[in-house]
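For reference, run-v1.json is printed below; it contains JSON, C-alpha atoms and all ligand atoms.
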```json
[["chain", "number", "residue", "atom", "x", "y", "z"],
["A", 1, "MET", "CA", -1.02, 16.94, 12.01],
["A", 2, "GLU", "CA", -0.74, 13.39, 13.28],
["A", 3, "THR", "CA", -2.54, 10.20, 12.36],
["A", 4, "MET", "CA", -4.17, 7.60, 14.57],
["A", 5, "VAL", "CA", -2.06, 4.61, 13.69],
["A", 6, "GLN", "CA", 0.55, 2.50, 15.37],
["A", 7, "SER", "CA", 2.80, 1.02, 12.70],
["A", 8, "THR", "CA", 5.69, -1.32, 12.83],
["A", 9, "PHE", "CA", 8.17, -1.61, 10.03],
["A", 10, "GLU", "CA", 10.41, -4.56, 9.44],
["A", 11, "PHE", "CA", 12.92, -4.09, 6.67],
["A", 12, "GLU", "CA", 14.69, -7.10, 5.35],
["A", 13, "LYS", "CA", 18.07, -5.71, 6.15],
["A", 14, "PHE", "CA", 17.36, -3.22, 8.90],
["A", 15, "SER", "CA", 16.10, -3.47, 12.44],
["A", 16, "SER", "CA", 12.46, -2.68, 13.10],
["A", 17, "LEU", "CA", 11.45, 0.90, 13.76],
["A", 18, "PRO", "CA", 8.28, 1.18, 15.83],
["A", 19, "VAL", "CA", 6.87, 4.70, 15.45],
["A", 20, "GLU", "CA", 4.54, 6.92, 17.45],
["A", 21, "ASN", "CA", 2.55, 5.27, 20.18],
["A", 22, "VAL", "CA", -1.13, 6.07, 19.71],
["A", 23, "GLN", "CA", -2.01, 2.96, 21.67],
["A", 24, "THR", "CA", -1.07, 4.63, 24.93],
["A", 25, "LEU", "CA", -3.34, 7.50, 23.95],
["A", 26, "ALA", "CA", -6.17, 5.13, 23.00],
["A", 27, "SER", "CA", -5.90, 3.28, 26.29],
["A", 28, "LYS", "CA", -6.77, 6.50, 28.15],
["A", 29, "ASN", "CA", -10.28, 6.40, 26.57],
["A", 30, "LEU", "CA", -10.31, 10.18, 26.16],
["A", 31, "LYS", "CA", -13.62, 11.79, 25.12],
["A", 32, "ASN", "CA", -11.79, 14.58, 23.36],
["A", 33, "ILE", "CA", -8.59, 13.76, 21.61],
["A", 34, "PRO", "CA", -5.61, 16.17, 21.43],
["A", 35, "SER", "CA", -6.01, 18.83, 18.75],
["A", 36, "ARG", "CA", -2.89, 17.73, 16.84],
["A", 37, "TYR", "CA", -4.88, 14.73, 15.61],
["A", 38, "ILE", "CA", -7.94, 16.68, 14.43],
["A", 39, "ARG", "CA", -8.30, 17.12, 10.65],
["A", 40, "PRO", "CA", -10.65, 20.05, 9.95],
["A", 41, "GLU", "CA", -10.57, 19.24, 6.22],
["A", 42, "PHE", "CA", -11.58, 15.63, 6.73],
["A", 43, "GLU", "CA", -15.25, 16.16, 7.66],
["A", 44, "SER", "CA", -15.97, 18.06, 4.44],
["A", 45, "ASP", "CA", -14.44, 15.34, 2.19],
["A", 46, "VAL", "CA", -16.88, 13.50, -0.05],
["A", 47, "VAL", "CA", -17.07, 9.76, 0.52],
["A", 48, "SER", "CA", -18.78, 7.86, -2.26],
["A", 49, "ALA", "CA", -21.96, 6.10, -1.17],
["A", 50, "GLU", "CA", -22.31, 4.16, -4.44],
["A", 51, "GLU", "CA", -22.32, 0.53, -3.37],
["A", 52, "SER", "CA", -21.56, -0.64, -6.89],
["A", 53, "LEU", "CA", -18.38, 1.41, -7.13],
["A", 54, "GLN", "CA", -15.80, -1.18, -6.16],
["A", 55, "ILE", "CA", -12.21, -1.82, -7.13],
["A", 56, "PRO", "CA", -11.79, -4.59, -9.75],
["A", 57, "VAL", "CA", -11.41, -8.20, -8.67],
["A", 58, "ILE", "CA", -8.68, -10.23, -10.36],
["A", 59, "ASP", "CA", -8.74, -14.02, -10.24],
["A", 60, "MET", "CA", -5.17, -15.22, -10.14],
["A", 61, "SER", "CA", -6.11, -18.76, -11.14],
["A", 62, "LYS", "CA", -7.35, -17.35, -14.47],
["A", 63, "LEU", "CA", -4.40, -15.13, -15.28],
["A", 64, "ASP", "CA", -3.24, -17.35, -18.11],
["A", 65, "HIS", "CA", -6.42, -16.33, -19.99],
["A", 66, "ASP", "CA", -6.43, -13.22, -22.16],
["A", 67, "ASP", "CA", -9.68, -11.95, -20.64],
["A", 68, "GLU", "CA", -8.30, -11.88, -17.12],
["A", 69, "GLN", "CA", -5.06, -10.29, -18.35],
["A", 70, "THR", "CA", -7.10, -7.56, -20.02],
["A", 71, "LYS", "CA", -8.94, -7.04, -16.74],
["A", 72, "LEU", "CA", -5.61, -6.78, -14.91],
["A", 73, "HIS", "CA", -4.32, -4.24, -17.43],
["A", 74, "PHE", "CA", -7.48, -2.15, -17.01],
["A", 75, "ALA", "CA", -7.28, -2.42, -13.20],
["A", 76, "CYS", "CA", -3.67, -1.14, -13.20],
["A", 77, "LYS", "CA", -4.44, 1.64, -15.71],
["A", 78, "ASP", "CA", -7.79, 2.86, -14.56],
["A", 79, "TRP", "CA", -7.99, 2.06, -10.85],
["A", 80, "GLY", "CA", -4.43, 1.47, -9.62],
["A", 81, "PHE", "CA", -5.99, -0.97, -7.15],
["A", 82, "PHE", "CA", -7.52, -4.43, -7.31],
["A", 83, "GLN", "CA", -8.47, -7.32, -5.05],
["A", 84, "LEU", "CA", -6.67, -10.56, -5.80],
["A", 85, "ILE", "CA", -8.62, -13.77, -5.26],
["A", 86, "ASN", "CA", -7.64, -17.42, -5.73],
["A", 87, "HIS", "CA", -4.01, -16.43, -5.11],
["A", 88, "GLY", "CA", -3.02, -19.84, -3.83],
["A", 89, "ILE", "CA", -1.85, -18.72, -0.38],
["A", 90, "PRO", "CA", -3.52, -21.18, 2.00],
["A", 91, "ASP", "CA", -6.27, -19.83, 4.29],
["A", 92, "GLU", "CA", -4.51, -21.26, 7.34],
["A", 93, "LEU", "CA", -1.41, -19.20, 6.59],
["A", 94, "ILE", "CA", -3.47, -16.03, 6.21],
["A", 95, "GLU", "CA", -5.34, -16.73, 9.45],
["A", 96, "GLN", "CA", -2.01, -17.30, 11.18],
["A", 97, "MET", "CA", -0.68, -13.95, 9.94],
["A", 98, "LYS", "CA", -3.80, -12.18, 11.21],
["A", 99, "ALA", "CA", -3.52, -13.90, 14.58],
["A", 100, "ASP", "CA", 0.18, -12.98, 14.80],
["A", 101, "ALA", "CA", -0.65, -9.33, 14.04],
["A", 102, "ARG", "CA", -3.39, -9.23, 16.69],
["A", 103, "GLU", "CA", -1.16, -10.86, 19.24],
["A", 104, "PHE", "CA", 1.72, -8.53, 18.43],
["A", 105, "PHE", "CA", -0.25, -5.33, 18.97],
["A", 106, "HIS", "CA", -1.64, -6.58, 22.25],
["A", 107, "LEU", "CA", 1.76, -7.29, 23.74],
["A", 108, "PRO", "CA", 2.90, -4.83, 26.42],
["A", 109, "SER", "CA", 4.73, -2.05, 24.58],
["A", 110, "GLU", "CA", 8.19, -2.98, 25.96],
["A", 111, "GLU", "CA", 7.81, -6.51, 24.62],
["A", 112, "ARG", "CA", 6.55, -5.18, 21.30],
["A", 113, "MET", "CA", 9.65, -3.04, 20.96],
["A", 114, "ALA", "CA", 11.91, -5.91, 21.96],
["A", 115, "CYS", "CA", 10.55, -8.58, 19.65],
["A", 116, "ALA", "CA", 9.28, -6.97, 16.45],
["A", 117, "GLN", "CA", 9.21, -10.35, 14.74],
["A", 118, "ILE", "CA", 6.89, -9.87, 11.80],
["A", 119, "PRO", "CA", 5.12, -12.73, 9.96],
["A", 120, "GLY", "CA", 6.76, -12.57, 6.55],
["A", 121, "HIS", "CA", 4.74, -15.09, 4.58],
["A", 122, "ILE", "CA", 3.65, -12.72, 1.83],
["A", 123, "GLU", "CA", 7.21, -11.68, 1.05],
["A", 124, "GLY", "CA", 8.28, -12.55, -2.44],
["A", 125, "TYR", "CA", 4.74, -12.57, -3.63],
["A", 126, "GLY", "CA", 4.77, -9.48, -5.84],
["A", 127, "HIS", "CA", 7.55, -11.05, -7.86],
["A", 128, "ASN", "CA", 5.17, -13.47, -9.55],
["A", 129, "ARG", "CA", 3.11, -10.61, -10.99],
["A", 130, "VAL", "CA", 6.05, -9.01, -12.79],
["A", 131, "PRO", "CA", 6.03, -11.04, -16.06],
["A", 132, "LEU", "CA", 2.32, -10.31, -16.54],
["A", 133, "ILE", "CA", 2.72, -6.63, -15.92],
["A", 134, "ALA", "CA", 5.55, -6.65, -18.48],
["A", 135, "LYS", "CA", 3.41, -8.43, -21.04],
["A", 136, "ASN", "CA", 0.52, -6.02, -20.52],
["A", 137, "LEU", "CA", 2.82, -3.05, -20.95],
["A", 138, "GLY", "CA", 4.21, -4.61, -24.13],
["A", 139, "MET", "CA", 7.76, -5.18, -22.93],
["A", 140, "ASP", "CA", 10.25, -7.95, -22.28],
["A", 141, "PRO", "CA", 9.47, -9.78, -18.97],
["A", 142, "GLU", "CA", 13.16, -10.63, -18.40],
["A", 143, "THR", "CA", 14.20, -6.98, -18.52],
["A", 144, "LEU", "CA", 11.52, -6.06, -16.02],
["A", 145, "LEU", "CA", 12.26, -9.04, -13.78],
["A", 146, "SER", "CA", 15.94, -8.14, -13.60],
["A", 147, "LEU", "CA", 14.96, -4.91, -11.83],
["A", 148, "PHE", "CA", 13.24, -6.87, -9.05],
["A", 149, "GLU", "CA", 15.54, -9.85, -8.42],
["A", 150, "ASN", "CA", 16.57, -9.91, -4.76],
["A", 151, "GLU", "CA", 14.43, -6.85, -4.40],
["A", 152, "MET", "CA", 14.20, -5.01, -1.11],
["A", 153, "GLN", "CA", 10.92, -5.69, 0.65],
["A", 154, "ALA", "CA", 9.34, -4.17, 3.68],
["A", 155, "ILE", "CA", 6.45, -5.42, 5.74],
["A", 156, "LYS", "CA", 4.43, -2.94, 7.78],
["A", 157, "MET", "CA", 1.74, -3.80, 10.26],
["A", 158, "ASN", "CA", -0.79, -1.08, 11.01],
["A", 159, "HIS", "CA", -2.90, -0.93, 14.13],
["A", 160, "TYR", "CA", -5.68, 1.68, 14.29],
["A", 161, "PRO", "CA", -7.16, 1.84, 17.80],
["A", 162, "PRO", "CA", -10.87, 2.80, 18.07],
["A", 163, "CYS", "CA", -11.38, 6.53, 18.46],
["A", 164, "ALA", "CA", -14.30, 8.39, 20.09],
["A", 165, "GLU", "CA", -13.92, 11.16, 17.50],
["A", 166, "ALA", "CA", -13.48, 8.87, 14.51],
["A", 167, "SER", "CA", -15.15, 11.30, 12.11],
["A", 168, "LYS", "CA", -12.55, 13.99, 12.83],
["A", 169, "VAL", "CA", -9.29, 12.04, 12.60],
["A", 170, "LEU", "CA", -7.42, 9.92, 10.08],
["A", 171, "GLY", "CA", -5.59, 6.64, 10.56],
["A", 172, "ALA", "CA", -3.38, 7.19, 7.52],
["A", 173, "SER", "CA", -3.13, 10.53, 5.66],
["A", 174, "PRO", "CA", -3.80, 10.61, 1.90],
["A", 175, "HIS", "CA", -0.69, 9.22, 0.19],
["A", 176, "SER", "CA", 0.44, 7.06, -2.67],
["A", 177, "ASP", "CA", 2.91, 4.27, -1.91],
["A", 178, "SER", "CA", 6.46, 4.92, -3.07],
["A", 179, "SER", "CA", 6.95, 1.16, -3.54],
["A", 180, "ALA", "CA", 6.66, -0.57, -6.91],
["A", 181, "LEU", "CA", 3.74, -2.73, -5.79],
["A", 182, "THR", "CA", 1.96, -3.05, -2.43],
["A", 183, "ILE", "CA", 0.07, -6.11, -1.24],
["A", 184, "LEU", "CA", -2.26, -5.45, 1.67],
["A", 185, "LEU", "CA", -3.99, -7.91, 3.94],
["A", 186, "HIS", "CA", -6.97, -6.64, 5.91],
["A", 187, "ALA", "CA", -6.10, -8.39, 9.13],
["A", 188, "ASN", "CA", -9.46, -8.15, 10.90],
["A", 189, "GLU", "CA", -13.07, -7.55, 9.87],
["A", 190, "VAL", "CA", -12.99, -3.76, 10.26],
["A", 191, "GLU", "CA", -12.96, -1.69, 7.06],
["A", 192, "GLY", "CA", -11.09, 1.59, 6.73],
["A", 193, "LEU", "CA", -9.14, 1.80, 3.47],
["A", 194, "GLN", "CA", -10.44, 4.43, 1.02],
["A", 195, "ILE", "CA", -9.07, 5.30, -2.41],
["A", 196, "LYS", "CA", -9.38, 8.59, -4.31],
["A", 197, "ARG", "CA", -11.35, 8.30, -7.54],
["A", 198, "ASN", "CA", -13.00, 11.15, -9.46],
["A", 199, "GLN", "CA", -12.57, 13.60, -6.53],
["A", 200, "LYS", "CA", -14.32, 11.24, -4.10],
["A", 201, "TRP", "CA", -13.11, 8.74, -1.53],
["A", 202, "VAL", "CA", -14.22, 5.21, -2.39],
["A", 203, "PRO", "CA", -14.28, 2.78, 0.58],
["A", 204, "VAL", "CA", -12.73, -0.60, -0.23],
["A", 205, "LYS", "CA", -14.90, -3.56, 0.80],
["A", 206, "PRO", "CA", -12.43, -6.38, 1.37],
["A", 207, "ILE", "CA", -13.40, -9.80, 0.05],
["A", 208, "PRO", "CA", -12.64, -12.39, 2.74],
["A", 209, "GLY", "CA", -9.36, -14.13, 1.92],
["A", 210, "ALA", "CA", -8.42, -11.68, -0.87],
["A", 211, "PHE", "CA", -5.36, -9.43, -0.96],
["A", 212, "THR", "CA", -5.73, -5.78, -1.91],
["A", 213, "VAL", "CA", -2.99, -4.95, -4.41],
["A", 214, "ASN", "CA", -1.99, -1.47, -5.51],
["A", 215, "ILE", "CA", 0.38, 0.05, -8.01],
["A", 216, "GLY", "CA", 3.05, 2.16, -6.30],
["A", 217, "ASP", "CA", 4.93, 5.23, -7.53],
["A", 218, "VAL", "CA", 7.77, 3.15, -9.01],
["A", 219, "ILE", "CA", 5.48, 1.28, -11.41],
["A", 220, "GLU", "CA", 3.65, 4.50, -12.33],
["A", 221, "ILE", "CA", 7.07, 5.95, -13.25],
["A", 222, "MET", "CA", 8.31, 2.78, -15.01],
["A", 223, "SER", "CA", 5.13, 2.60, -17.08],
["A", 224, "ASN", "CA", 5.62, 6.27, -18.02],
["A", 225, "GLY", "CA", 2.29, 7.11, -16.43],
["A", 226, "GLU", "CA", 0.22, 4.37, -18.03],
["A", 227, "TYR", "CA", -0.38, 2.63, -14.69],
["A", 228, "LYS", "CA", -1.57, 4.76, -11.78],
["A", 229, "SER", "CA", -0.26, 5.01, -8.24],
["A", 230, "VAL", "CA", -3.47, 6.17, -6.60],
["A", 231, "LEU", "CA", -3.98, 8.29, -3.47],
["A", 232, "HIS", "CA", -5.44, 6.37, -0.58],
["A", 233, "ARG", "CA", -6.00, 6.87, 3.15],
["A", 234, "ALA", "CA", -7.25, 4.95, 6.17],
["A", 235, "VAL", "CA", -10.11, 6.05, 8.40],
["A", 236, "VAL", "CA", -10.65, 4.77, 11.93],
["A", 237, "ASN", "CA", -13.64, 3.17, 13.59],
["A", 238, "GLY", "CA", -15.56, 4.64, 16.56],
["A", 239, "ASP", "CA", -15.57, 1.47, 18.63],
["A", 240, "LYS", "CA", -13.44, -1.22, 17.04],
["A", 241, "GLU", "CA", -9.72, -1.50, 16.42],
["A", 242, "ARG", "CA", -8.51, -2.14, 12.87],
["A", 243, "LEU", "CA", -5.47, -4.08, 11.71],
["A", 244, "SER", "CA", -3.78, -4.31, 8.33],
["A", 245, "ILE", "CA", -0.50, -5.77, 7.07],
["A", 246, "ALA", "CA", 1.20, -4.23, 4.03],
["A", 247, "ALA", "CA", 4.04, -5.80, 2.03],
["A", 248, "PHE", "CA", 5.89, -3.21, -0.04],
["A", 249, "HIS", "CA", 7.84, -4.55, -3.02],
["A", 250, "ASN", "CA", 10.69, -2.37, -4.16],
["A", 251, "GLN", "CA", 13.16, -2.23, -6.99],
["A", 252, "LYS", "CA", 16.57, -3.73, -6.21],
["A", 253, "LEU", "CA", 19.56, -1.60, -5.32],
["A", 254, "GLY", "CA", 21.95, -0.74, -8.13],
["A", 255, "THR", "CA", 19.16, -0.17, -10.68],
["A", 256, "GLN", "CA", 17.57, 3.01, -11.99],
["A", 257, "VAL", "CA", 14.05, 4.29, -11.27],
["A", 258, "GLY", "CA", 12.64, 5.80, -14.45],
["A", 259, "PRO", "CA", 10.40, 5.10, -17.45],
["A", 260, "LEU", "CA", 11.29, 1.77, -19.10],
["A", 261, "GLN", "CA", 13.38, 2.20, -22.25],
["A", 262, "ASP", "CA", 10.94, 0.21, -24.41],
["A", 263, "LEU", "CA", 8.18, 2.64, -23.50],
["A", 264, "VAL", "CA", 10.00, 5.86, -24.33],
["A", 265, "LYS", "CA", 11.30, 4.91, -27.77],
["A", 266, "THR", "CA", 8.42, 6.72, -29.40],
["A", 267, "ASN", "CA", 6.84, 8.55, -26.45],
["A", 268, "LYS", "CA", 8.29, 11.43, -24.49],
["A", 269, "PRO", "CA", 9.48, 10.41, -20.97],
["A", 270, "LEU", "CA", 7.24, 11.99, -18.35],
["A", 271, "TYR", "CA", 9.51, 11.28, -15.37],
["A", 272, "LYS", "CA", 13.19, 11.61, -14.46],
["A", 273, "THR", "CA", 15.50, 8.59, -14.29],
["A", 274, "ILE", "CA", 17.55, 8.35, -11.09],
["A", 275, "PRO", "CA", 19.35, 5.58, -9.11],
["A", 276, "VAL", "CA", 17.16, 3.65, -6.64],
["A", 277, "GLU", "CA", 19.43, 4.80, -3.82],
["A", 278, "GLU", "CA", 18.77, 8.43, -4.69],
["A", 279, "PHE", "CA", 15.03, 7.79, -4.97],
["A", 280, "ARG", "CA", 15.08, 6.38, -1.44],
["A", 281, "ARG", "CA", 17.15, 9.29, -0.16],
["A", 282, "TRP", "CA", 14.65, 11.75, -1.63],
["A", 283, "LYS", "CA", 11.86, 9.83, 0.03],
["A", 284, "MET", "CA", 13.51, 9.87, 3.45],
["A", 285, "THR", "CA", 14.29, 13.58, 3.32],
["A", 286, "SER", "CA", 10.97, 14.88, 1.90],
["A", 287, "LYS", "CA", 7.76, 15.86, 3.60],
["A", 288, "GLN", "CA", 5.63, 12.75, 3.03],
["A", 289, "ASP", "CA", 2.56, 14.38, 1.64],
["A", 290, "GLY", "CA", 0.17, 13.02, -1.01],
["A", 291, "LYS", "CA", 1.99, 11.97, -4.18],
["A", 292, "PHE", "CA", 5.19, 13.81, -3.23],
["A", 293, "MET", "CA", 7.59, 11.38, -4.94],
["A", 294, "ILE", "CA", 5.66, 11.55, -8.21],
["A", 295, "ARG", "CA", 5.76, 15.35, -8.07],
["A", 296, "LYS", "CA", 9.52, 15.26, -7.51],
["A", 297, "MET", "CA", 10.05, 12.82, -10.39],
["A", 298, "GLU", "CA", 7.82, 14.56, -12.96],
["A", 299, "LEU", "CA", 9.63, 16.26, -15.83],
["A", 301, "LIG", "O1", -4.34, 0.18, 6.51],
["A", 301, "LIG", "C1", -4.66, 0.39, 5.34],
["A", 301, "LIG", "O2", -5.72, -0.01, 4.86],
["A", 301, "LIG", "C2", -3.76, 1.18, 4.43],
["A", 301, "LIG", "C3", -2.36, 1.30, 4.90],
["A", 301, "LIG", "C4", -1.50, 1.98, 3.87],
["A", 301, "LIG", "O3", -1.95, 2.60, 2.96],
["A", 301, "LIG", "C5", -0.04, 1.87, 3.98],
["A", 301, "LIG", "O4", 0.45, 1.26, 4.96],
["A", 301, "LIG", "O5", 0.65, 2.37, 3.06],
["A", 302, "FE", "FE", -0.44, 3.02, 1.46]]
```
How would this structure read if it were set down as structure tokens?
Amino acid sequence: METMVQSTFEFEKFSSLPVENVQTLASKNLKNIPSRYIRPEFESDVVSAEESLQIPVIDMSKLDHDDEQTKLHFACKDWGFFQLINHGIPDELIEQMKADAREFFHLPSEERMACAQIPGHIEGYGHNRVPLIAKNLGMDPETLLSLFENEMQAIKMNHYPPCAEASKVLGASPHSDSSALTILLHANEVEGLQIKRNQKWVPVKPIPGAFTVNIGDVIEIMSNGEYKSVLHRAVVNGDKERLSIAAFHNQKLGTQVGPLQDLVKTNKPLYKTIPVEEFRRWKMTSKQDGKFMIRKMEL
């Protein structure tokens, strides 16, 4: 079953890998889309209509206060997602990234393939959150930071063309991110991200200028399950395209993925400990379905 997204990956140390071209399909303006895209299960899923149910908002300018740190801890534990405001990245830079993404996906496909030059301004950003996460988990920030120095990062731009049968297809299948931390920028005004909470899908309502941050599988594993890498998916719009840019922050090569030592002195480890390289190999060779890496790592 395929999804209605055109994504472009740019790894720091690898060439870009554009995948499946749904844009060509979208440009045909088909009334009925090919059956391989139809998700029979999707129409029966429950989407929460509760307006008040929203992911927590964390104010980065207040993170030196205990209250905000407590909020961050709760957001990572209970929601696995939050919106980050007052992050200090200038509006002009964000607007430029959005414009670059729009321009990129409207290039003729040959040019897109030839010049996958991705705006990389949010790279390095997850790094600054590490000491706080360490403090909230009750461990030494230096130890945690050493796992992320010169970390591998990947930026992915997602383009979801409008779809006449939007209620029957998905832009991104339910998955958790296998990164440590993901920072997402909603690159135009169209919503589409939904997160799984209490058996329902909760639509995320992006705050203008905020980043959506989520805990990935690696932090769920490191925290021995205290922080949650939550299932999420992207739906598509009937008449508007949607764009998002995700920055995935990963652990550096040569380290181990597993529960942090400080956290398993008194508690039983809930996940295996394996080298990062092996973790990545498992990821590449597995069927990417739901929380597949967490299932593989569980003891
Ligand atoms: O486009 C979105 O809102 C979500 C994309 C996503 O989950 C991903 O790229 O991992
Ligand atoms: Fe994701």
Study note, to complete from the structure: Shortest contact to Gln6 of chain A, candidates A:Pro208, A:Pro56, A:Pro108, A:Gly171, atoms counted only C-alpha atoms, goes to A:Gly171
Residues within 7 Å of (18.7, -5.0, -10.7), counting only C-alpha atoms, listed as a JSON list (two decimals) with C-alpha atoms, keeping the file's coordinate frame:
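Writing done, so here's out-v7.json:
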```json
[["chain", "number", "residue", "atom", "x", "y", "z"],
["A", 146, "SER", "CA", 15.94, -8.14, -13.60],
["A", 147, "LEU", "CA", 14.96, -4.91, -11.83],
["A", 148, "PHE", "CA", 13.24, -6.87, -9.05],
["A", 149, "GLU", "CA", 15.54, -9.85, -8.42],
["A", 252, "LYS", "CA", 16.57, -3.73, -6.21],
["A", 253, "LEU", "CA", 19.56, -1.60, -5.32],
["A", 254, "GLY", "CA", 21.95, -0.74, -8.13],
["A", 255, "THR", "CA", 19.16, -0.17, -10.68]]
```
Revision key, fill the gap. re atom CA of Ile245 of chain A and atom CA of Gly209 of chain A: distance 13.2 Å
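Nearest residue to ligand LIG 301 (chain A), choosing from A:Val5, A:Leu263, A:Ala99, A:Leu299 and counting all atoms listed in the file: A:Val5.
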Go through chain A and flag each residue having an atom no more than 7 Å from ligand FE 302 (chain A); for those, report the closest pair of atoms plus their distance in Å to one decimal, using all atoms listed in the file, ordered by chain and rising number, as CSV.
```
residue,atom,partner,partner_atom,distance
A:His175,CA,A:FE302,FE,6.3
A:Ser176,CA,A:FE302,FE,5.8
A:Asp177,CA,A:FE302,FE,4.9
A:His232,CA,A:FE302,FE,6.4
A:Arg233,CA,A:FE302,FE,7.0
```
**Study point:** Computed interatomic separation between atom CA of Val204 of chain A and atom CA of Ala164 of chain A (Å)
**Key:** 22.3 Å
Review point. Counting all atoms listed in the file, which of A:Ser223, A:Thr285, A:Thr273, A:Asn188 gets nearest to Met97 of chain A?
Key: A:Asn188
Proximity check chain A to ligand LIG 301 (chain A), 10 Å, nearest pairs one decimal Å, all atoms listed in the file, as a tab-separated table:
```
residue	atom	partner	partner_atom	distance
A:Val5	CA	A:LIG301	O1	8.7
A:Ser7	CA	A:LIG301	O4	8.1
A:Thr8	CA	A:LIG301	O4	9.8
A:Phe9	CA	A:LIG301	O4	9.7
A:Ile155	CA	A:LIG301	O4	9.0
A:Lys156	CA	A:LIG301	O4	6.4
A:Met157	CA	A:LIG301	O4	7.4
A:Asn158	CA	A:LIG301	O1	5.9
A:His159	CA	A:LIG301	O1	7.8
A:Tyr160	CA	A:LIG301	O1	8.0
A:Gly171	CA	A:LIG301	O1	7.7
A:Ala172	CA	A:LIG301	C3	6.5
A:Ser173	CA	A:LIG301	O3	8.5
A:Pro174	CA	A:LIG301	O3	8.3
A:His175	CA	A:LIG301	O3	7.3
A:Ser176	CA	A:LIG301	O5	7.4
A:Asp177	CA	A:LIG301	O5	5.8
A:Ser178	CA	A:LIG301	O5	8.8
A:Ser179	CA	A:LIG301	O5	9.2
A:Thr182	CA	A:LIG301	O5	7.8
A:Ile183	CA	A:LIG301	O5	9.5
A:Leu184	CA	A:LIG301	O2	7.2
A:Leu185	CA	A:LIG301	O2	8.1
A:His186	CA	A:LIG301	O2	6.8
A:Ala187	CA	A:LIG301	O1	9.1
A:Val190	CA	A:LIG301	O2	9.8
A:Glu191	CA	A:LIG301	O2	7.8
A:Gly192	CA	A:LIG301	O2	5.9
A:Leu193	CA	A:LIG301	O2	4.1
A:Gln194	CA	A:LIG301	O2	7.5
A:Ile195	CA	A:LIG301	O3	9.3
A:Pro203	CA	A:LIG301	O2	10.0
A:Val204	CA	A:LIG301	O2	8.7
A:Pro206	CA	A:LIG301	O2	9.9
A:Thr212	CA	A:LIG301	O2	8.9
A:Asn214	CA	A:LIG301	O3	9.4
A:Gly216	CA	A:LIG301	O5	9.7
A:Leu231	CA	A:LIG301	O3	8.8
A:His232	CA	A:LIG301	O3	6.2
A:Arg233	CA	A:LIG301	O3	5.9
A:Ala234	CA	A:LIG301	C1	5.3
A:Val235	CA	A:LIG301	O2	8.3
A:Val236	CA	A:LIG301	O1	9.5
A:Arg242	CA	A:LIG301	O1	8.0
A:Leu243	CA	A:LIG301	O1	6.8
A:Ser244	CA	A:LIG301	O1	4.9
A:Ile245	CA	A:LIG301	O1	7.1
A:Ala246	CA	A:LIG301	O4	5.6
A:Ala247	CA	A:LIG301	O4	8.4
A:Phe248	CA	A:LIG301	O5	8.3
```
Exercise for review: Might you pull out every residue within 7 Å of Asn250 of chain A, with all atoms listed in the file counted and same-chain residues fewer than 4 positions away left off, and present them as a ChimeraX atom specification?
Suggested key: /A:151-153,179-180
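Going from atom CA of His249 of chain A to atom CA of Leu107 of chain A covers 27.6 Å.
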